[in-house]
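Q: Dropping the structure in here first, questions after.
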Amino acid sequence: MNRTISRLVVLLGLSLVAAAARAQMGDPTKVTLKTTPVAGSISMIEGANGFAGGNVAASVGDDGVVVIDDELQPLTPKLKAALAALSKKPVRFVINTHWHMDHTGGNPAMAAAGAVIVAQENVRKRLSVDNVMHMAGHEMTIKALPPAALPVVTFADDVTLHVNGDDVHVIHVAPAHTDGDAIVHFKLANVIHAGDTVTASYPIVDIDSGGQFEGFIAAADRILALADDNTKIIPGHGPLMTKADLVVYRQMVTDVRDRIGKLLAAKKTVDEIKAAKPLADLDARWGQGFVKADFLIESVVKTHPPAPEKGRAKAKK
Ligand SMILES: [Zn+2]
């Protein structure tokens with residue numbers, strides 16, 4: 001179990017930078033969860049001393065608890081305890097921002113306890129079958145979830161939950177991290193959970209899951225259009241962000257796209273692009289996690305030009 005977890009954590013330990021943290025993230029029994037109030041009745045739950053999975057948003061109120069993403073499976077007891085500390089009411093809904101197991105690991109337990117799981121339709125499709133992922137020279141197979149742990153409500157473009165006095169708008173964006181990415185907008189609380197379309201480091205493009213580098217720019221634009229100076233943005237991994245932080249992230253993604261695009265237009269090969277080190281000045285801030293510059297360059301080149309895709313056109317409206 002630990003080896004499986006540490007392998008997937010190596011694959012998905014997107015934004016952890018410190019060697020000390022990396023040494024710990026293979027052992028979920030050592031990870032504790034930290035809860036931070038975000039706005040209104042919404043809190044963010046994250047790993048405090050190791051990799052617990054993606055950031056969780058929890059909305060609590062008269063209707064019960066609504067959870068966005070539910071960490072790695074071994075963290076489930078700790079996640080349940082963290083939620084119980086916020087509210088005695090049951091978890092009514094779980095929204096998965098995408099299918100990766102560091103965002104859906106709690107699904108089996110949450111569903112068993114009566115929660116309704118909601119996700120974009122491609123998330124259910126991918127969670128229903130075994131998936132093979134290739135990343136930075138690693139290959140791994142992720143087993144399908146049992147049927148009872150799958151999303152039972154799916155949507156193509158968007159869906160709104162009217163719960164806890166808020167309108168919770170779940171929006172499918174053009175393929176970026178995967179082809180089932182959703183962002184979640186708590187309209188009244190002015191909080192947006194970005195899933196892994198926004199993190200604290202270089203983007204991970206899961207090409208096996210239909211990810212497209214260009215989509216990260218579109219997703220950032222989608223979020224920026226919904227945000228104002230008071231909006232709290234919960235990234236998939238990393239600390240809470242403001243709109244100004246997201247502008248900086250979008251600029252990095254755009255710089256990466258433009259610089260590599262220019263070299264591609266000049267007919268450079270992947271190896272020539274890597275040798276030119278076009279991202280050298282960005283690495284210190286963004287390239288210390290799982291995605292190093294060379295892997296990012298490969299991801300950009302492989303998804304360039306962006307494939308015309310159904311979700312892409314749809315997400316524009
Ligand atoms: Zn992910």
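By order of appearance in the structure tokens: chains A, B, ..., then residues from 1 within every chain, and ligands from 1 in the order shown.
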Could you pull the residues within 10 Å of Ser59 of chain A, counting only C-alpha atoms, minus those fewer than 2 positions along the same chain, as an MDAnalysis selection string?
A: chainID A and resid 38:44 57 61 63:68 83 86:87 91 93 163:164 166 168 186 189
Q: Which residues in segment 31-246 of chain A does DSSP call helix (DSSP H, G or I)? List them as a PyMOL selection string.
A: chain A and resi 73-86+101-104+107-112+121-127+147-149+195-197+207-209+214-226+243-246
Q: Select the residues contacting ligand 1 at a distance of at most 12 Å, based on only C-alpha atoms and all ligand atoms, then format the selection as a JSON list (two decimals) with N, CA, C and O atoms, in the first residue's frame.
A:
[["chain", "number", "residue", "atom", "x", "y", "z"],
["A", 8, "LEU", "N", 2.24, 7.02, -6.55],
["A", 8, "LEU", "CA", 1.27, 7.96, -7.09],
["A", 8, "LEU", "C", 1.52, 9.35, -6.56],
["A", 8, "LEU", "O", 1.29, 10.34, -7.24],
["A", 9, "VAL", "N", 2.07, 9.39, -5.35],
["A", 9, "VAL", "CA", 2.37, 10.68, -4.78],
["A", 9, "VAL", "C", 3.54, 11.32, -5.52],
["A", 9, "VAL", "O", 3.56, 12.52, -5.76],
["A", 11, "LEU", "N", 4.01, 10.86, -8.59],
["A", 11, "LEU", "CA", 3.40, 11.32, -9.84],
["A", 11, "LEU", "C", 2.57, 12.58, -9.64],
["A", 11, "LEU", "O", 2.54, 13.45, -10.49],
["A", 12, "LEU", "N", 1.88, 12.61, -8.54],
["A", 12, "LEU", "CA", 0.89, 13.67, -8.38],
["A", 12, "LEU", "C", 1.27, 14.68, -7.31],
["A", 12, "LEU", "O", 0.50, 15.55, -6.97],
["A", 13, "GLY", "N", 2.49, 14.54, -6.79],
["A", 13, "GLY", "CA", 2.92, 15.46, -5.73],
["A", 13, "GLY", "C", 3.28, 16.81, -6.31],
["A", 13, "GLY", "O", 4.31, 17.38, -6.01],
["A", 14, "LEU", "N", 2.35, 17.29, -7.08],
["A", 14, "LEU", "CA", 2.52, 18.44, -7.96],
["A", 14, "LEU", "C", 3.31, 19.59, -7.36],
["A", 14, "LEU", "O", 4.28, 20.04, -7.91],
["A", 15, "SER", "N", 2.91, 20.04, -6.23],
["A", 15, "SER", "CA", 3.42, 21.35, -5.84],
["A", 15, "SER", "C", 4.33, 21.30, -4.62],
["A", 15, "SER", "O", 4.75, 22.31, -4.12],
["A", 53, "GLY", "N", -3.16, 15.10, -0.72],
["A", 53, "GLY", "CA", -3.99, 15.14, -1.91],
["A", 53, "GLY", "C", -4.26, 16.59, -2.25],
["A", 53, "GLY", "O", -3.55, 17.49, -1.79],
["A", 54, "GLY", "N", -5.29, 16.81, -3.07],
["A", 54, "GLY", "CA", -5.62, 18.18, -3.47],
["A", 54, "GLY", "C", -6.30, 18.93, -2.34],
["A", 54, "GLY", "O", -6.82, 18.34, -1.39],
["A", 55, "ASN", "N", -6.29, 20.26, -2.45],
["A", 55, "ASN", "CA", -6.97, 21.09, -1.46],
["A", 55, "ASN", "C", -8.47, 20.81, -1.48],
["A", 55, "ASN", "O", -9.08, 20.70, -2.54],
["A", 69, "ASP", "N", -13.73, 17.99, -3.66],
["A", 69, "ASP", "CA", -12.59, 17.06, -3.65],
["A", 69, "ASP", "C", -12.41, 16.42, -2.27],
["A", 69, "ASP", "O", -12.80, 16.97, -1.25],
["A", 71, "GLU", "N", -9.36, 14.24, -1.20],
["A", 71, "GLU", "CA", -8.03, 13.78, -0.79],
["A", 71, "GLU", "C", -7.71, 12.35, -1.24],
["A", 71, "GLU", "O", -8.50, 11.68, -1.91],
["A", 72, "LEU", "N", -6.50, 11.90, -0.86],
["A", 72, "LEU", "CA", -6.10, 10.51, -1.09],
["A", 72, "LEU", "C", -6.90, 9.58, -0.17],
["A", 72, "LEU", "O", -7.22, 9.96, 0.96],
["A", 96, "ASN", "N", -16.28, 16.44, -7.42],
["A", 96, "ASN", "CA", -14.92, 16.11, -7.84],
["A", 96, "ASN", "C", -14.50, 17.08, -8.95],
["A", 96, "ASN", "O", -15.15, 17.15, -9.99],
["A", 97, "THR", "N", -13.38, 17.81, -8.76],
["A", 97, "THR", "CA", -12.94, 18.75, -9.80],
["A", 97, "THR", "C", -12.32, 18.03, -10.99],
["A", 97, "THR", "O", -12.22, 18.59, -12.08],
["A", 98, "HIS", "N", -11.86, 16.79, -10.80],
["A", 98, "HIS", "CA", -11.37, 15.92, -11.88],
["A", 98, "HIS", "C", -11.17, 14.54, -11.29],
["A", 98, "HIS", "O", -11.39, 14.34, -10.09],
["A", 99, "TRP", "N", -10.75, 13.58, -12.11],
["A", 99, "TRP", "CA", -10.81, 12.18, -11.65],
["A", 99, "TRP", "C", -9.60, 11.72, -10.83],
["A", 99, "TRP", "O", -9.67, 10.68, -10.17],
["A", 100, "HIS", "N", -8.52, 12.45, -10.81],
["A", 100, "HIS", "CA", -7.29, 11.95, -10.17],
["A", 100, "HIS", "C", -7.51, 11.52, -8.72],
["A", 100, "HIS", "O", -8.26, 12.15, -7.99],
["A", 101, "MET", "N", -6.77, 10.47, -8.34],
["A", 101, "MET", "CA", -7.05, 9.83, -7.04],
["A", 101, "MET", "C", -6.64, 10.66, -5.85],
["A", 101, "MET", "O", -7.05, 10.35, -4.74],
["A", 102, "ASP", "N", -5.88, 11.71, -6.08],
["A", 102, "ASP", "CA", -5.58, 12.59, -4.94],
["A", 102, "ASP", "C", -6.69, 13.65, -4.76],
["A", 102, "ASP", "O", -6.57, 14.52, -3.91],
["A", 103, "HIS", "N", -7.75, 13.52, -5.57],
["A", 103, "HIS", "CA", -8.92, 14.41, -5.42],
["A", 103, "HIS", "C", -10.21, 13.60, -5.24],
["A", 103, "HIS", "O", -11.26, 14.18, -5.01],
["A", 104, "THR", "N", -10.12, 12.28, -5.40],
["A", 104, "THR", "CA", -11.33, 11.44, -5.34],
["A", 104, "THR", "C", -11.19, 10.27, -4.37],
["A", 104, "THR", "O", -12.06, 9.40, -4.32],
["A", 105, "GLY", "N", -10.11, 10.24, -3.60],
["A", 105, "GLY", "CA", -9.83, 9.08, -2.75],
["A", 105, "GLY", "C", -10.88, 8.85, -1.67],
["A", 105, "GLY", "O", -11.06, 7.72, -1.21],
["A", 123, "VAL", "N", -15.32, 12.69, -15.92],
["A", 123, "VAL", "CA", -14.77, 12.21, -14.65],
["A", 123, "VAL", "C", -15.36, 10.84, -14.34],
["A", 123, "VAL", "O", -14.64, 9.90, -13.99],
["A", 133, "MET", "N", -1.43, 5.94, -16.86],
["A", 133, "MET", "CA", -0.87, 7.30, -16.95],
["A", 133, "MET", "C", 0.62, 7.22, -17.24],
["A", 133, "MET", "O", 1.33, 6.40, -16.68],
["A", 176, "ALA", "N", -7.67, 21.10, -19.81],
["A", 176, "ALA", "CA", -6.41, 21.71, -19.36],
["A", 176, "ALA", "C", -5.59, 20.62, -18.66],
["A", 176, "ALA", "O", -4.79, 19.94, -19.29],
["A", 177, "HIS", "N", -5.84, 20.41, -17.36],
["A", 177, "HIS", "CA", -5.17, 19.35, -16.61],
["A", 177, "HIS", "C", -5.67, 17.98, -17.09],
["A", 177, "HIS", "O", -4.90, 17.04, -17.26],
["A", 178, "THR", "N", -6.98, 17.86, -17.31],
["A", 178, "THR", "CA", -7.62, 16.67, -17.91],
["A", 178, "THR", "C", -8.78, 17.18, -18.78],
["A", 178, "THR", "O", -9.03, 18.38, -18.83],
["A", 179, "ASP", "N", -9.52, 16.23, -19.37],
["A", 179, "ASP", "CA", -10.68, 16.66, -20.16],
["A", 179, "ASP", "C", -11.97, 16.70, -19.34],
["A", 179, "ASP", "O", -13.05, 16.89, -19.89],
["A", 180, "GLY", "N", -11.83, 16.53, -18.03],
["A", 180, "GLY", "CA", -13.03, 16.60, -17.18],
["A", 180, "GLY", "C", -12.93, 17.67, -16.11],
["A", 180, "GLY", "O", -13.66, 17.64, -15.12],
["A", 181, "ASP", "N", -12.04, 18.64, -16.33],
["A", 181, "ASP", "CA", -11.80, 19.67, -15.31],
["A", 181, "ASP", "C", -13.04, 20.51, -15.06],
["A", 181, "ASP", "O", -13.72, 20.94, -16.00],
["A", 182, "ALA", "N", -13.28, 20.77, -13.78],
["A", 182, "ALA", "CA", -14.33, 21.72, -13.40],
["A", 182, "ALA", "C", -13.78, 22.69, -12.38],
["A", 182, "ALA", "O", -12.91, 22.34, -11.58],
["A", 194, "ALA", "N", -10.39, 26.02, -7.91],
["A", 194, "ALA", "CA", -9.91, 25.94, -9.30],
["A", 194, "ALA", "C", -9.54, 24.53, -9.74],
["A", 194, "ALA", "O", -9.19, 24.32, -10.90],
["A", 195, "GLY", "N", -9.63, 23.54, -8.82],
["A", 195, "GLY", "CA", -9.10, 22.22, -9.18],
["A", 195, "GLY", "C", -7.64, 22.36, -9.57],
["A", 195, "GLY", "O", -6.96, 23.33, -9.20],
["A", 196, "ASP", "N", -7.14, 21.43, -10.38],
["A", 196, "ASP", "CA", -5.73, 21.49, -10.76],
["A", 196, "ASP", "C", -5.49, 22.33, -12.02],
["A", 196, "ASP", "O", -4.43, 22.26, -12.62],
["A", 197, "THR", "N", -6.50, 23.17, -12.40],
["A", 197, "THR", "CA", -6.22, 24.13, -13.47],
["A", 197, "THR", "C", -5.33, 25.24, -12.95],
["A", 197, "THR", "O", -4.71, 25.96, -13.72],
["A", 198, "VAL", "N", -5.28, 25.38, -11.62],
["A", 198, "VAL", "CA", -4.39, 26.37, -10.98],
["A", 198, "VAL", "C", -3.68, 25.69, -9.82],
["A", 198, "VAL", "O", -4.33, 25.07, -8.98],
["A", 199, "THR", "N", -2.35, 25.78, -9.80],
["A", 199, "THR", "CA", -1.58, 25.25, -8.67],
["A", 199, "THR", "C", -0.45, 26.24, -8.38],
["A", 199, "THR", "O", -0.36, 27.28, -9.02],
["A", 203, "PRO", "N", 2.13, 23.88, -14.57],
["A", 203, "PRO", "CA", 0.97, 22.99, -14.76],
["A", 203, "PRO", "C", 1.37, 21.55, -15.09],
["A", 203, "PRO", "O", 2.38, 21.33, -15.77],
["A", 204, "ILE", "N", 0.57, 20.61, -14.63],
["A", 204, "ILE", "CA", 0.69, 19.22, -15.09],
["A", 204, "ILE", "C", -0.36, 19.01, -16.17],
["A", 204, "ILE", "O", -1.56, 19.22, -15.93],
["A", 205, "VAL", "N", 0.08, 18.63, -17.35],
["A", 205, "VAL", "CA", -0.85, 18.30, -18.42],
["A", 205, "VAL", "C", -0.96, 16.77, -18.45],
["A", 205, "VAL", "O", -0.01, 16.09, -18.83],
["A", 206, "ASP", "N", -2.08, 16.23, -18.04],
["A", 206, "ASP", "CA", -2.28, 14.78, -18.10],
["A", 206, "ASP", "C", -2.79, 14.45, -19.50],
["A", 206, "ASP", "O", -4.00, 14.44, -19.75],
["A", 207, "ILE", "N", -1.84, 14.20, -20.38],
["A", 207, "ILE", "CA", -2.19, 14.01, -21.80],
["A", 207, "ILE", "C", -3.01, 12.73, -21.99],
["A", 207, "ILE", "O", -3.92, 12.68, -22.81],
["A", 209, "SER", "N", -5.23, 11.74, -20.18],
["A", 209, "SER", "CA", -6.61, 12.06, -19.79],
["A", 209, "SER", "C", -7.17, 13.24, -20.58],
["A", 209, "SER", "O", -8.10, 13.91, -20.13],
["A", 211, "GLY", "N", -5.70, 16.09, -21.38],
["A", 211, "GLY", "CA", -5.26, 17.42, -20.99],
["A", 211, "GLY", "C", -4.61, 18.17, -22.15],
["A", 211, "GLY", "O", -4.07, 17.56, -23.08],
["A", 235, "PRO", "N", -6.51, 26.94, -4.99],
["A", 235, "PRO", "CA", -5.89, 26.19, -6.09],
["A", 235, "PRO", "C", -5.97, 24.69, -5.79],
["A", 235, "PRO", "O", -6.23, 24.29, -4.65],
["A", 236, "GLY", "N", -5.74, 23.87, -6.80],
["A", 236, "GLY", "CA", -5.75, 22.43, -6.57],
["A", 236, "GLY", "C", -4.70, 22.00, -5.55],
["A", 236, "GLY", "O", -4.94, 21.11, -4.74],
["A", 237, "HIS", "N", -3.56, 22.66, -5.60],
["A", 237, "HIS", "CA", -2.47, 22.41, -4.64],
["A", 237, "HIS", "C", -1.79, 23.73, -4.36],
["A", 237, "HIS", "O", -1.62, 24.55, -5.27]]
Q: I'd like the contact shell of Val159 of chain A - 8 Å cut-off, only C-alpha atoms, skipping same-chain residues fewer than 3 positions apart - returned as a list in words.
A: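 So, after excluding close chain neighbours, the residues are Phe155, His169, Val170 and Ile171 of chain A.
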Q: Could you turn the residues from that selection into a file that holds N, CA, C and O atoms, as a JSON list (two decimals), in the first residue's frame?
A:
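Output (out.json):
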[["chain", "number", "residue", "atom", "x", "y", "z"],
["A", 155, "PHE", "N", -22.63, 16.13, -15.42],
["A", 155, "PHE", "CA", -23.07, 17.25, -16.27],
["A", 155, "PHE", "C", -22.09, 17.38, -17.42],
["A", 155, "PHE", "O", -20.94, 16.93, -17.32],
["A", 169, "HIS", "N", -21.90, 27.12, -8.39],
["A", 169, "HIS", "CA", -21.89, 26.89, -9.83],
["A", 169, "HIS", "C", -20.65, 26.07, -10.19],
["A", 169, "HIS", "O", -19.53, 26.51, -9.98],
["A", 170, "VAL", "N", -20.88, 24.88, -10.72],
["A", 170, "VAL", "CA", -19.79, 23.97, -11.10],
["A", 170, "VAL", "C", -19.66, 24.05, -12.61],
["A", 170, "VAL", "O", -20.61, 23.74, -13.34],
["A", 171, "ILE", "N", -18.50, 24.49, -13.09],
["A", 171, "ILE", "CA", -18.35, 24.83, -14.51],
["A", 171, "ILE", "C", -17.24, 23.99, -15.15],
["A", 171, "ILE", "O", -16.09, 24.00, -14.70]]
Q: Env of segment 243-246 of chain A: 12 Å cut, atoms = only C-alpha atoms, seq-sep filter 4 positions within chain, self excluded. Answer as number ranges by chain.
A: A: 190-192, 194, 197-201, 216-217, 219-235, 238-239, 250-253
Q: For the strand (DSSP E) assignment from backbone DSSP, which residues of segment 16-255 of chain A qualify? Please present them as a PyMOL selection string.
A: chain A and resi 33-39+42-47+56-61+64-68+91-95+116-120+131-135+138-142+153-155+158-163+166-172+182-186+191-193+232-234
Q: So which residues touch Val31 of chain A within 9 Å, counting only C-alpha atoms, skipping near sequence neighbours fewer than 4 positions away, as a count of residues only?
A: 10
Q: Take atom CA of Ile142 of chain A and atom CA of Asp70 of chain A and report the distance between them in Å, one decimal.
A: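 Computed distance, atom CA of Ile142 of chain A to atom CA of Asp70 of chain A, equals 16.8 Å.
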Q: Would you please work out which residue, of A:Ala266, A:Ile117, A:Ile95, A:Ala84, is nearest to Val152 of chain A when using only C-alpha atoms?
A: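 Of A:Ala266, A:Ile117, A:Ile95, A:Ala84, the one nearest Val152 of chain A, counting only C-alpha atoms, is A:Ile117.
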Q: Which of these residues is nearest to Lys125 of chain A, using only C-alpha atoms: A:Leu150, A:Lys267, A:Ala112, A:Ala81?
A: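 Result for the nearest residue to Lys125 of chain A: A:Leu150.
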